Structures are given as C-alpha cells and as structure tokens.
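Participant: Got protein04.cif for you, mmCIF, C-alpha atoms and all ligand atoms:
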data_entry
loop_
_atom_site.label_atom_id
_atom_site.label_comp_id
_atom_site.auth_asym_id
_atom_site.auth_seq_id
_atom_site.Cartn_x
_atom_site.Cartn_y
_atom_site.Cartn_z
CA MET A 1 -38.70 -49.59 83.83
CA SER A 2 -36.57 -51.82 86.10
CA GLU A 3 -39.69 -52.93 87.98
CA GLU A 4 -41.28 -53.83 84.63
CA ILE A 5 -38.22 -55.96 83.70
CA LYS A 6 -38.36 -57.65 87.11
CA ALA A 7 -42.06 -58.42 86.62
CA GLN A 8 -41.37 -59.99 83.21
CA ILE A 9 -38.53 -62.13 84.61
CA ARG A 10 -40.67 -63.21 87.57
CA HIS A 11 -43.53 -64.12 85.24
CA TYR A 12 -41.24 -66.20 83.02
CA ALA A 13 -39.66 -68.05 85.96
CA LEU A 14 -42.89 -68.74 87.84
CA THR A 15 -45.32 -69.46 85.05
CA VAL A 16 -43.19 -70.70 82.13
CA LEU A 17 -40.44 -72.57 84.02
CA GLY A 18 -42.52 -73.58 87.06
CA VAL A 19 -40.13 -72.20 89.68
CA ASP A 20 -41.83 -71.78 93.10
CA ASP A 21 -40.51 -68.33 94.06
CA LEU A 22 -38.00 -65.79 92.78
CA GLY A 23 -36.03 -63.06 94.53
CA PHE A 24 -33.75 -60.24 93.33
CA GLY A 25 -30.68 -59.35 95.37
CA ALA A 26 -27.82 -56.88 94.96
CA VAL A 27 -24.35 -58.40 94.53
CA ASP A 28 -23.13 -55.88 97.16
CA ASP A 29 -25.52 -57.45 99.71
CA TYR A 30 -24.12 -60.97 99.19
CA GLN A 31 -22.13 -61.50 102.39
CA SER A 32 -20.64 -65.00 102.34
CA PRO A 33 -17.44 -64.70 104.39
CA LEU A 34 -15.92 -67.99 103.23
CA SER A 35 -16.75 -68.09 99.51
CA PRO A 36 -14.80 -66.14 96.84
CA LYS A 37 -15.97 -62.59 96.10
CA ILE A 38 -18.31 -62.58 93.08
CA ASP A 39 -16.14 -60.10 91.10
CA THR A 40 -13.30 -62.67 91.10
CA PHE A 41 -15.28 -64.83 88.68
CA PHE A 42 -17.77 -62.30 87.23
CA PRO A 43 -16.41 -58.74 87.07
CA LYS A 44 -19.17 -56.09 86.87
CA ALA A 45 -21.78 -58.46 88.32
CA LYS A 46 -24.68 -56.45 89.76
CA THR A 47 -27.74 -58.60 90.42
CA LEU A 48 -28.54 -62.00 91.90
CA ILE A 49 -31.70 -63.62 90.57
CA VAL A 50 -32.43 -66.43 93.01
CA MET A 51 -34.89 -69.22 92.26
CA ALA A 52 -36.60 -71.20 95.05
CA PHE A 53 -37.69 -74.81 94.51
CA LYS A 54 -40.03 -76.53 96.95
CA GLU A 55 -38.98 -80.00 98.08
CA LEU A 56 -41.41 -82.86 97.36
CA ALA A 57 -43.10 -84.75 100.22
CA ASN A 58 -40.49 -87.46 99.62
CA CYS A 59 -38.26 -85.80 102.24
CA GLU A 60 -40.79 -86.92 104.91
CA SER A 61 -40.37 -90.60 104.09
CA ASP A 62 -38.43 -92.93 106.35
CA ASN A 63 -37.47 -94.77 103.18
CA ALA A 64 -34.11 -93.17 102.38
CA TYR A 65 -34.19 -94.29 98.75
CA LEU A 66 -37.58 -92.66 98.06
CA ALA A 67 -36.53 -89.56 99.98
CA MET A 68 -33.37 -89.24 97.89
CA GLY A 69 -35.32 -90.00 94.71
CA GLY A 70 -37.44 -86.89 95.38
CA ARG A 71 -34.31 -84.80 95.99
CA LEU A 72 -32.84 -85.99 92.68
CA ASP A 73 -36.04 -84.97 90.88
CA ALA A 74 -35.66 -81.45 92.29
CA MET A 75 -31.92 -81.27 91.53
CA GLU A 76 -32.47 -82.45 87.96
CA PHE A 77 -35.26 -79.89 87.49
CA ILE A 78 -33.00 -77.08 88.73
CA ARG A 79 -30.33 -77.51 86.00
CA PRO A 80 -32.61 -76.84 82.98
CA CYS A 81 -34.23 -73.92 84.87
CA ASN A 82 -30.76 -72.47 85.36
CA TYR A 83 -29.93 -72.71 81.67
CA LYS A 84 -33.33 -71.54 80.42
CA LEU A 85 -33.51 -68.51 82.74
CA ALA A 86 -29.94 -67.45 81.83
CA ARG A 87 -30.69 -67.73 78.09
CA TYR A 88 -33.99 -65.81 78.54
CA LEU A 89 -32.11 -62.93 80.24
CA GLU A 90 -29.57 -62.87 77.40
CA LYS A 91 -32.14 -62.97 74.63
CA GLU A 92 -34.87 -60.70 76.03
CA PHE A 93 -32.80 -58.08 77.87
CA ALA A 94 -29.28 -58.43 76.38
CA MET A 95 -27.95 -59.18 79.88
CA LYS A 96 -24.78 -61.09 80.54
CA ALA A 97 -26.09 -63.99 82.65
CA MET A 98 -24.07 -66.61 84.50
CA SER A 99 -25.56 -69.65 86.21
CA THR A 100 -24.25 -71.04 89.50
CA PRO A 101 -24.20 -74.71 90.54
CA PRO A 102 -26.98 -75.87 92.90
CA SER A 103 -24.58 -78.39 94.41
CA TYR A 104 -21.53 -79.74 92.57
CA PRO A 105 -18.93 -79.32 91.05
CA LEU A 106 -16.99 -78.33 94.15
CA LYS A 107 -13.27 -77.61 94.42
CA MET A 108 -11.62 -80.43 96.41
CA SER A 109 -8.78 -78.39 97.92
CA PRO A 110 -7.69 -77.90 101.55
CA GLU A 111 -8.70 -74.20 101.39
CA ASN A 112 -12.23 -75.27 100.33
CA ARG A 113 -12.24 -77.79 103.16
CA TYR A 114 -12.24 -80.55 100.52
CA GLY A 115 -15.53 -79.62 98.88
CA LEU A 116 -17.35 -78.14 101.90
CA ILE A 117 -17.14 -74.51 100.72
CA ALA A 118 -18.71 -73.83 97.33
CA GLU A 119 -17.55 -71.20 94.85
CA PHE A 120 -20.95 -69.57 95.37
CA SER A 121 -23.14 -69.84 98.46
CA GLN A 122 -26.81 -70.29 97.54
CA ARG A 123 -27.98 -69.66 101.11
CA HIS A 124 -26.25 -66.29 101.38
CA ALA A 125 -27.69 -65.36 97.95
CA ALA A 126 -31.24 -66.40 98.98
CA PHE A 127 -30.91 -64.31 102.13
CA ALA A 128 -29.70 -61.28 100.11
CA ALA A 129 -32.67 -61.71 97.73
CA GLY A 130 -35.23 -61.63 100.57
CA LEU A 131 -36.28 -65.26 100.09
CA GLY A 132 -35.93 -66.22 103.74
CA THR A 133 -33.96 -65.98 106.98
CA TRP A 134 -31.43 -68.27 108.70
CA GLY A 135 -32.90 -71.04 110.85
CA ARG A 136 -31.37 -72.73 113.90
CA ASN A 137 -30.66 -75.60 111.47
CA ASN A 138 -28.39 -73.20 109.47
CA LEU A 139 -30.69 -73.51 106.48
CA ILE A 140 -32.58 -70.60 104.95
CA LEU A 141 -36.23 -70.86 105.94
CA HIS A 142 -38.66 -69.59 103.32
CA PRO A 143 -41.81 -67.86 104.68
CA LYS A 144 -44.07 -70.36 102.85
CA PHE A 145 -41.98 -73.52 102.36
CA GLY A 146 -39.97 -73.42 105.60
CA ALA A 147 -36.83 -75.57 105.37
CA ARG A 148 -38.25 -77.63 102.50
CA VAL A 149 -36.70 -75.52 99.78
CA LEU A 150 -33.65 -75.50 97.53
CA PHE A 151 -32.12 -72.45 95.87
CA CYS A 152 -30.22 -71.63 92.70
CA THR A 153 -28.98 -68.29 91.38
CA ILE A 154 -28.35 -66.57 88.07
CA ILE A 155 -25.91 -63.66 88.29
CA SER A 156 -26.42 -60.72 85.91
CA ASP A 157 -24.44 -57.60 84.98
CA VAL A 158 -27.57 -55.40 84.86
CA PRO A 159 -28.51 -53.55 88.06
CA LEU A 160 -32.10 -54.24 89.17
CA PRO A 161 -33.65 -53.01 92.44
CA PRO A 162 -33.26 -55.69 95.14
CA ASP A 163 -36.34 -57.17 96.83
CA LYS A 164 -36.97 -56.26 100.45
CA PRO A 165 -35.33 -58.52 103.03
CA CYS A 166 -37.70 -60.69 105.11
CA GLN A 167 -38.69 -58.48 108.03
CA GLU A 168 -39.08 -61.09 110.73
CA ASN A 169 -37.05 -64.06 111.83
CA ILE A 170 -38.91 -67.09 110.45
CA CYS A 171 -37.34 -69.66 112.82
CA ASN A 172 -39.37 -70.05 116.04
CA ASN A 173 -36.41 -71.50 118.00
CA CYS A 174 -38.34 -74.68 118.88
CA ASN A 175 -35.03 -76.62 118.77
CA ILE A 176 -36.66 -79.63 117.09
CA CYS A 177 -34.00 -79.71 114.34
CA VAL A 178 -31.25 -79.84 116.96
CA GLU A 179 -32.96 -82.67 118.88
CA GLN A 180 -33.71 -84.67 115.73
CA CYS A 181 -30.22 -84.49 114.23
CA PRO A 182 -28.83 -88.04 114.57
CA GLY A 183 -25.24 -86.83 114.41
CA HIS A 184 -25.49 -83.92 116.90
CA ALA A 185 -24.20 -81.81 114.02
CA LEU A 186 -26.36 -78.83 115.06
CA ASP A 187 -25.47 -78.72 118.76
CA GLY A 188 -23.28 -75.62 118.35
CA GLU A 189 -25.33 -72.58 117.38
CA GLY A 190 -24.67 -70.85 114.02
CA LYS A 191 -22.43 -73.52 112.50
CA THR A 192 -23.16 -77.02 111.26
CA ASN A 193 -20.51 -79.57 112.18
CA GLU A 194 -20.06 -80.82 108.61
CA ILE A 195 -18.09 -83.92 109.52
CA LEU A 196 -20.76 -85.14 111.96
CA CYS A 197 -23.47 -84.35 109.39
CA LEU A 198 -21.62 -86.17 106.61
CA LYS A 199 -21.08 -89.27 108.75
CA HIS A 200 -24.85 -89.67 109.18
CA SER A 201 -26.21 -88.15 106.00
CA GLN A 202 -23.75 -89.60 103.45
CA PRO A 203 -22.49 -93.02 104.62
CA PHE A 204 -21.44 -93.77 101.03
CA GLY A 205 -19.79 -90.39 100.44
CA ILE A 206 -16.10 -89.57 100.13
CA ALA A 207 -15.16 -90.71 103.66
CA GLY A 208 -16.92 -94.08 103.22
CA ASN A 209 -15.23 -94.49 99.85
CA MET A 210 -11.78 -93.79 101.29
CA ARG A 211 -12.37 -96.20 104.18
CA PHE A 212 -13.38 -98.95 101.74
CA TRP A 213 -10.33 -98.55 99.50
CA LYS A 214 -7.88 -98.29 102.41
CA LYS A 215 -9.24 -101.57 103.77
CA PHE A 216 -9.14 -103.05 100.25
CA ALA A 217 -5.45 -102.11 99.87
CA GLN A 218 -4.63 -103.87 103.15
CA SER A 219 -6.60 -107.07 102.39
CA ASP A 220 -5.48 -110.32 100.78
CA ILE A 221 -6.81 -111.37 97.36
CA GLU A 222 -9.63 -113.57 98.72
CA GLU A 223 -10.86 -110.77 100.99
CA GLN A 224 -10.64 -108.30 98.08
CA LYS A 225 -12.83 -110.57 95.92
CA LYS A 226 -15.44 -110.64 98.71
CA MET A 227 -15.24 -106.86 99.15
CA VAL A 228 -16.00 -106.03 95.49
CA ALA A 229 -19.03 -108.35 95.58
CA SER A 230 -20.40 -106.80 98.80
CA PRO A 231 -23.50 -104.57 99.20
CA GLU A 232 -21.13 -101.90 100.58
CA PHE A 233 -19.18 -101.74 97.30
CA MET A 234 -22.42 -101.71 95.29
CA SER A 235 -23.76 -98.85 97.42
CA LEU A 236 -20.52 -96.88 96.93
CA TYR A 237 -20.73 -97.54 93.19
CA GLN A 238 -24.32 -96.27 93.08
CA ALA A 239 -23.51 -93.16 95.14
CA SER A 240 -20.61 -92.34 92.81
CA PHE A 241 -22.91 -91.83 89.84
CA ILE A 242 -25.83 -90.31 91.80
CA GLY A 243 -23.58 -87.51 93.10
CA PHE A 244 -24.39 -86.80 96.74
CA GLN A 245 -26.74 -89.44 98.12
CA TYR A 246 -28.35 -88.31 101.39
CA PHE A 247 -29.66 -90.78 103.97
CA CYS A 248 -30.83 -88.08 106.40
CA PHE A 249 -33.31 -85.24 105.86
CA ASN A 250 -34.19 -84.67 109.53
CA CYS A 251 -33.31 -80.96 109.75
CA THR A 252 -35.58 -80.41 106.74
CA LYS A 253 -38.44 -82.78 107.47
CA PHE A 254 -38.97 -82.08 111.20
CA CYS A 255 -38.91 -78.29 110.94
CA PRO A 256 -42.55 -77.25 111.50
CA ILE A 257 -42.36 -74.00 109.51
CA GLY A 258 -44.56 -74.07 106.40
CA THR A 259 -45.84 -77.61 106.93
CA LYS A 260 -49.45 -76.73 107.83
C1 LIG B 1 -21.14 -78.26 100.89
C2 LIG B 1 -22.61 -78.32 101.19
C3 LIG B 1 -23.02 -79.13 102.25
C4 LIG B 1 -22.02 -79.76 103.22
C5 LIG B 1 -21.53 -78.69 104.18
C6 LIG B 1 -22.63 -77.79 104.73
C7 LIG B 1 -22.16 -76.43 105.23
N1 LIG B 1 -21.88 -76.30 106.47
O1 LIG B 1 -22.06 -75.45 104.50
C8 LIG B 1 -22.88 -80.89 103.86
C9 LIG B 1 -22.67 -82.17 103.09
C10 LIG B 1 -22.61 -81.15 105.33
C11 LIG B 1 -24.30 -80.37 103.57
C12 LIG B 1 -25.40 -80.80 104.25
C13 LIG B 1 -26.69 -80.38 103.97
N2 LIG B 1 -27.08 -79.62 102.91
CO1 LIG B 1 -25.86 -78.73 101.73
N3 LIG B 1 -24.83 -77.74 100.54
C14 LIG B 1 -23.55 -77.60 100.43
C15 LIG B 1 -23.25 -76.60 99.31
C16 LIG B 1 -22.88 -77.37 98.04
C17 LIG B 1 -22.18 -75.58 99.64
C18 LIG B 1 -22.33 -74.93 101.02
C19 LIG B 1 -21.21 -73.99 101.35
O2 LIG B 1 -20.59 -73.39 100.50
N4 LIG B 1 -20.92 -73.84 102.65
C20 LIG B 1 -19.84 -72.99 103.15
C21 LIG B 1 -20.33 -71.65 103.63
C22 LIG B 1 -21.37 -70.99 102.75
O3 LIG B 1 -20.97 -71.83 104.85
P1 LIG B 1 -20.56 -70.87 106.02
O4 LIG B 1 -20.23 -69.51 105.53
O5 LIG B 1 -19.58 -71.61 106.89
O6 LIG B 1 -21.94 -70.78 106.77
C23 LIG B 1 -22.31 -71.76 107.70
C24 LIG B 1 -22.50 -71.20 109.06
O7 LIG B 1 -21.57 -70.19 109.35
C25 LIG B 1 -23.92 -70.73 109.07
N5 LIG B 1 -24.14 -69.31 108.78
C26 LIG B 1 -23.57 -68.52 107.86
N6 LIG B 1 -24.05 -67.29 107.93
C27 LIG B 1 -24.98 -67.31 108.90
C28 LIG B 1 -25.80 -66.30 109.38
C29 LIG B 1 -26.69 -66.59 110.43
C30 LIG B 1 -27.56 -65.50 110.94
C31 LIG B 1 -26.75 -67.91 110.99
C32 LIG B 1 -27.71 -68.26 112.09
C33 LIG B 1 -25.92 -68.93 110.48
C34 LIG B 1 -25.04 -68.59 109.46
O8 LIG B 1 -24.58 -71.49 108.09
C35 LIG B 1 -23.68 -72.25 107.34
C36 LIG B 1 -23.88 -73.73 107.69
O9 LIG B 1 -22.98 -74.25 108.59
C37 LIG B 1 -24.64 -75.86 99.15
C38 LIG B 1 -24.95 -75.35 97.73
C39 LIG B 1 -24.31 -74.01 97.52
N7 LIG B 1 -23.50 -73.88 96.49
O10 LIG B 1 -24.50 -73.10 98.30
C40 LIG B 1 -25.63 -76.94 99.64
C41 LIG B 1 -26.85 -76.45 100.43
C42 LIG B 1 -26.40 -75.49 101.48
N8 LIG B 1 -27.29 -77.68 101.08
C43 LIG B 1 -28.57 -77.77 101.22
C44 LIG B 1 -29.21 -78.81 101.95
C45 LIG B 1 -30.71 -78.93 101.78
C46 LIG B 1 -28.46 -79.67 102.79
C47 LIG B 1 -28.96 -80.77 103.73
C48 LIG B 1 -30.34 -80.59 104.34
C49 LIG B 1 -28.82 -82.13 103.01
C50 LIG B 1 -30.05 -82.98 102.81
N9 LIG B 1 -30.18 -84.09 103.44
O11 LIG B 1 -30.91 -82.56 102.06
C51 LIG B 1 -27.86 -80.78 104.81
C52 LIG B 1 -28.12 -79.73 105.89
C53 LIG B 1 -27.01 -79.51 106.85
C54 LIG B 1 -27.24 -78.30 107.74
N10 LIG B 1 -28.32 -78.29 108.50
O12 LIG B 1 -26.42 -77.39 107.75
C55 LIG B 1 -29.30 -76.60 100.55
C56 LIG B 1 -29.86 -75.64 101.61
C57 LIG B 1 -31.22 -75.03 101.22
C58 LIG B 1 -31.76 -74.14 102.33
N11 LIG B 1 -33.06 -74.16 102.47
O13 LIG B 1 -31.04 -73.44 103.01
C59 LIG B 1 -28.14 -75.97 99.65
C60 LIG B 1 -28.16 -74.45 99.54
C61 LIG B 1 -28.29 -76.61 98.25
C62 LIG B 1 -29.31 -75.86 97.36
N12 LIG B 1 -28.97 -75.61 96.10
O14 LIG B 1 -30.39 -75.51 97.78
N13 LIG B 1 -24.29 -79.45 102.57
S1 LIG B 2 -28.84 -83.68 107.32
FE1 LIG B 2 -29.22 -85.01 109.14
S2 LIG B 2 -27.16 -85.29 110.03
FE2 LIG B 2 -27.03 -83.52 108.66
S3 LIG B 2 -27.42 -81.71 109.97
FE3 LIG B 2 -29.39 -82.32 109.04
S4 LIG B 2 -30.30 -83.67 110.58
FE4 LIG B 2 -28.14 -83.54 111.08
S1 LIG B 3 -37.01 -76.88 113.65
FE1 LIG B 3 -37.53 -75.11 114.96
S2 LIG B 3 -35.52 -74.33 115.65
FE2 LIG B 3 -35.13 -75.67 113.88
S3 LIG B 3 -35.08 -74.28 112.14
FE3 LIG B 3 -37.18 -75.09 112.28
S4 LIG B 3 -38.28 -73.57 113.52
FE4 LIG B 3 -36.09 -73.17 113.80
#
Is it possible to give me this structure as structure tokens?
Facilitator:
Amino acid sequence: MSEEIKAQIRHYALTVLGVDDLGFGAVDDYQSPLSPKIDTFFPKAKTLIVMAFKELANCESDNAYLAMGGRLDAMEFIRPCNYKLARYLEKEFAMKAMSTPPSYPLKMSPENRYGLIAEFSQRHAAFAAGLGTWGRNNLILHPKFGARVLFCTIISDVPLPPDKPCQENICNNCNICVEQCPGHALDGEGKTNEILCLKHSQPFGIAGNMRFWKKFAQSDIEEQKKMVASPEFMSLYQASFIGFQYFCFNCTKFCPIGTK
C-alpha cells in the first residue's frame, strides 16, 4: 500500500507538476549536524519528500545576468511546486505536510552564522532521499543532472519506505571545481569557505551592502549624492529585491558529471 502511495505521489510530482526527480527519505536518516532537529519544528515528522529541479543551460553562460535569470526561473518554479505538492498530500492522503524554503528566509543570528545555516538543509535531505551523493564541491551530485540541480523538500507525518541511497560515489574527484573556483573557497576538503565564496559569488550581497553604507556614513554630502547615483548603489538596490544574486556558477557549470 505504501509503495502504491509513493507511486501516486511520484506520478503527480513528475507528470503534473513537472519536477525532474523525486526521492523519499526517512526523517531519522536526515543527518545535518548544524541545522535544528526536525522534531523541534515538526513533531512526529516521519518522511522527507525531496524534489529535484534541473538547472537551465543559463548556468553555463559567461553573462552573469542571463545565468542568474535562469536561476531565478528555477527558484520561482520551486515555490508553487512546494505549495501544490503539500496541498496534494493533504487532500489525497490526509497527511500533515510542511514545506521547507529552497533558499530564504534565513535566520540572521550569530548562531546561524548570520544566514549561512538554514533551518532545514536541502542537501542533507536530498542525500537521505537517495537523490545523489556529496561532490568535492560540497554540492549533492545527482546521477543524471550532476551538480546542475536544486532541491526542495516537503516533510510529512506519514511514514513511507525510504528510497535506496545512491550506491556509488558520483564525484570522480577530477578536482575541476576546486581549480575553477575564483575565490579558492573549495581548497579545504569537505567544507566550503562561505566568506570566500560570498566575496566572489555575491558582490552585491550583505557584505557589499554594509561596506557601501559604512562608506556613505563617513562621506560628506556631495560624496553621498554621488554615491546614491552610482552603478554600485543601483546594483545593490537590484540585488535587494532579487534576493540572492549570484555572479559565479563555476562549481556547478564546470563539473563534468551529467553534462554529456
Ligand atoms: C546558506 C547557503 C549558501 C551559503 C553557504 C553555503 C554553505 N556552506 O552551506 C553560500 C552563499 C556560500 C552558498 C553558496 C552556494 N550555494 Co547555497 N545554499 C545555502 C542554503 C540556503 C543553506 C545551506 C546551509 O544550511 N548550510 C549549512 C550546513 C547545511 O552546511 P554544513 O553542515 O556546514 O555542511 C557543509 C560541509 O560540512 C559539507 N558537508 C556536510 N556534510 C557533508 C558530507 C560529506 C560526505 C561531504 C563531502 C561534505 C559535507 O557541505 C556543506 C558545504 O560547506 C541552501 C538551501 C538549504 N536550505 O539547504 C542553499 C544550497 C545549499 N545552495 C545551493 C547552491 C546551488 C549554491 C551555489 C552553487 C550558488 C550558485 N552560484 O548557484 C554555491 C555553492 C557553494 C559550494 N560549492 O558550497 C543549492 C545546492 C544544490 C546541490 N546540488 O547541492 C542549495 C541546496 C539550494 C537549493 N534549494 O537547491 N549557499
Ligand atoms: S559559487 Fe563560485 S565562488 Fe562559490 S564555491 Fe562555487 S565556484 Fe567558488
Ligand atoms: S568537478 Fe570533478 S571533483 Fe568537482 S564535484 Fe564535479 S566530479 Fe567531483
């Protein structure tokens, strides 16, 4: 019976919603050492239903604006899939279903390293649901889509048999991601240096914003007028309504897995 329910959910996600792959994981197999335990925000949670979304070819482009445009398309597609799959589980199977954020909101507290540790780790969930294995780039590599994949999870209170973990390590240890990282953020194995990544991938993120306003506070009125009319201010303004605006996709685009 459980396998029948899983088949129906998979059919809905893949053929009705247009999700690229779906995995089922047990909450007990979710091992994210830094994120809160799932029962702190969803008591009696049993199953992780993880959706995989293939990145568009935009991530290959050297044009950062087109590359980010493709990422936004994927991120904006994920939100309605989250809501629709959760409502389907409620309506069809009377499950309690809770969505998780694909990216933000993030708690900006010192214990969350100011937004660097999410309330729920999508990579650890994808691993638990058998959707891939950890790459040298610290991303989850999917057997078919390689690093070019995003994940998002619905948590349910109904136990369903988990999918088998991926048997083999998908990463071939070619080291290309490490060599192509402009910030040397992947030099240390098993841990991304987030600050080095952020410096290169989000020049108009929080750090850039803080730098701008500190300089603004220390400038005279004429300099301030110039600053608010500058391309830098306009870029910060744009990034603030886009959310996270990435200018680097190298650890995704240069990974050879799944690109043939
Ligand atoms: C905050 C965040 C960031 C931060 C911090 C990243 C980080 N170190 O965790 C910054 C801004 C730097 C970032 C960058 C990127 N991110 Co980001 N990010 C997130 C977010 C919102 C939370 C991540 C989190 O909670 N991290 C804290 C905890 C989970 O990490 P951790 O326990 O310290 O684990 C780290 C290491 O210990 C190691 N690790 C942990 N366990 C294991 C086990 C093994 C065996 C190994 C080898 C390693 C390993 O991997 C982690 C990375 O350092 C997630 C979405 C989400 N809610 O999960 C997306 C997410 C992780 N990001 C994603 C992506 C695509 C990116 C970028 C490629 C951005 C871009 N240009 O597209 C880069 C990649 C950087 C990289 N190679 O690591 C995807 C990854 C998809 C995938 N295929 O794995 C996610 C899952 C978004 C999504 N919904 O799909 N990100
Ligand atoms: S997104 Fe760019 S800067 Fe960040 S880890 Fe990947 S390659 Fe390095
Ligand atoms: S580029 Fe090579 S080393 Fe890096 S994650 Fe992909 S296969 Fe692994």
Participant: Set the cut-off to 8 Å, count all atoms listed in the file, and list whatever residues fall near ligand LIG 2 (chain B) as a list of chain:residue names.
Facilitator: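 These are the residues that qualify: A:Asn137, A:Cys177, A:Val178, A:Gln180, A:Cys181, A:Pro182, A:Gly183, A:His184, A:Ala185, A:Leu186, A:Thr192, A:Asn193, A:Glu194, A:Leu196, A:Cys197, A:Leu198, A:Lys199, A:His200, A:Ser201, A:Tyr246, A:Phe247, A:Cys248, A:Phe249, A:Asn250, A:Cys251, A:Thr252.
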Participant: Closest to ligand LIG 1 (chain B) among A:Tyr237, A:Phe77, A:Trp213, A:Phe53, using only C-alpha atoms and all ligand atoms?
Facilitator: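 So, comparing all the options, the nearest one is A:Phe53.
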Participant: For ligand LIG 3 (chain B), collect every residue having any atom at a distance of at most 8 Å from a ligand atom (counting only C-alpha atoms and all ligand atoms); output as a PDB file with C-alpha atoms, in the frame of the given file.
Facilitator:
ATOM      1  CA  TRP A 134     -31.430 -68.270 108.700  1.00  0.00           C
ATOM      2  CA  GLY A 135     -32.900 -71.040 110.850  1.00  0.00           C
ATOM      3  CA  ARG A 136     -31.370 -72.730 113.900  1.00  0.00           C
ATOM      4  CA  ASN A 137     -30.660 -75.600 111.470  1.00  0.00           C
ATOM      5  CA  ASN A 138     -28.390 -73.200 109.470  1.00  0.00           C
ATOM      6  CA  LEU A 139     -30.690 -73.510 106.480  1.00  0.00           C
ATOM      7  CA  LEU A 141     -36.230 -70.860 105.940  1.00  0.00           C
ATOM      8  CA  GLY A 146     -39.970 -73.420 105.600  1.00  0.00           C
ATOM      9  CA  ALA A 147     -36.830 -75.570 105.370  1.00  0.00           C
ATOM     10  CA  ILE A 170     -38.910 -67.090 110.450  1.00  0.00           C
ATOM     11  CA  CYS A 171     -37.340 -69.660 112.820  1.00  0.00           C
ATOM     12  CA  ASN A 172     -39.370 -70.050 116.040  1.00  0.00           C
ATOM     13  CA  ASN A 173     -36.410 -71.500 118.000  1.00  0.00           C
ATOM     14  CA  CYS A 174     -38.340 -74.680 118.880  1.00  0.00           C
ATOM     15  CA  ASN A 175     -35.030 -76.620 118.770  1.00  0.00           C
ATOM     16  CA  ILE A 176     -36.660 -79.630 117.090  1.00  0.00           C
ATOM     17  CA  CYS A 177     -34.000 -79.710 114.340  1.00  0.00           C
ATOM     18  CA  VAL A 178     -31.250 -79.840 116.960  1.00  0.00           C
ATOM     19  CA  CYS A 251     -33.310 -80.960 109.750  1.00  0.00           C
ATOM     20  CA  THR A 252     -35.580 -80.410 106.740  1.00  0.00           C
ATOM     21  CA  PHE A 254     -38.970 -82.080 111.200  1.00  0.00           C
ATOM     22  CA  CYS A 255     -38.910 -78.290 110.940  1.00  0.00           C
ATOM     23  CA  PRO A 256     -42.550 -77.250 111.500  1.00  0.00           C
ATOM     24  CA  ILE A 257     -42.360 -74.000 109.510  1.00  0.00           C
TER      25      ILE A 257
END
Participant: Find, counting all atoms listed in the file, the residue in A:Pro33, A:Gly188, A:Phe241, A:Glu222 that gets nearest to Ala118 (chain A).
Facilitator: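 The shortest atom-to-atom distance to Ala118 (chain A) comes from A:Pro33.
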Participant: Write out as a list in words each polymer residue whose atoms come within 8 Å of region 38-41 of chain A, counting only C-alpha atoms; drop sequence neighbours fewer than 3 positions from it.
Facilitator: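 Here the answer would be Val27, Lys44, Ala45 and Phe120 of chain A.
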Participant: Name all residues at most 8 Å from Ser99 (chain A) (count only C-alpha atoms; drop same-chain ones fewer than 4 positions away) and give them as an MDAnalysis selection string.
Facilitator: chainID A and resid 82:83 86 153:155
Participant: For Gly132 (chain A), which residue among A:Gly208, A:Phe216, A:Phe233, A:Leu22 is the nearest when counting all atoms listed in the file?
Facilitator: A:Leu22
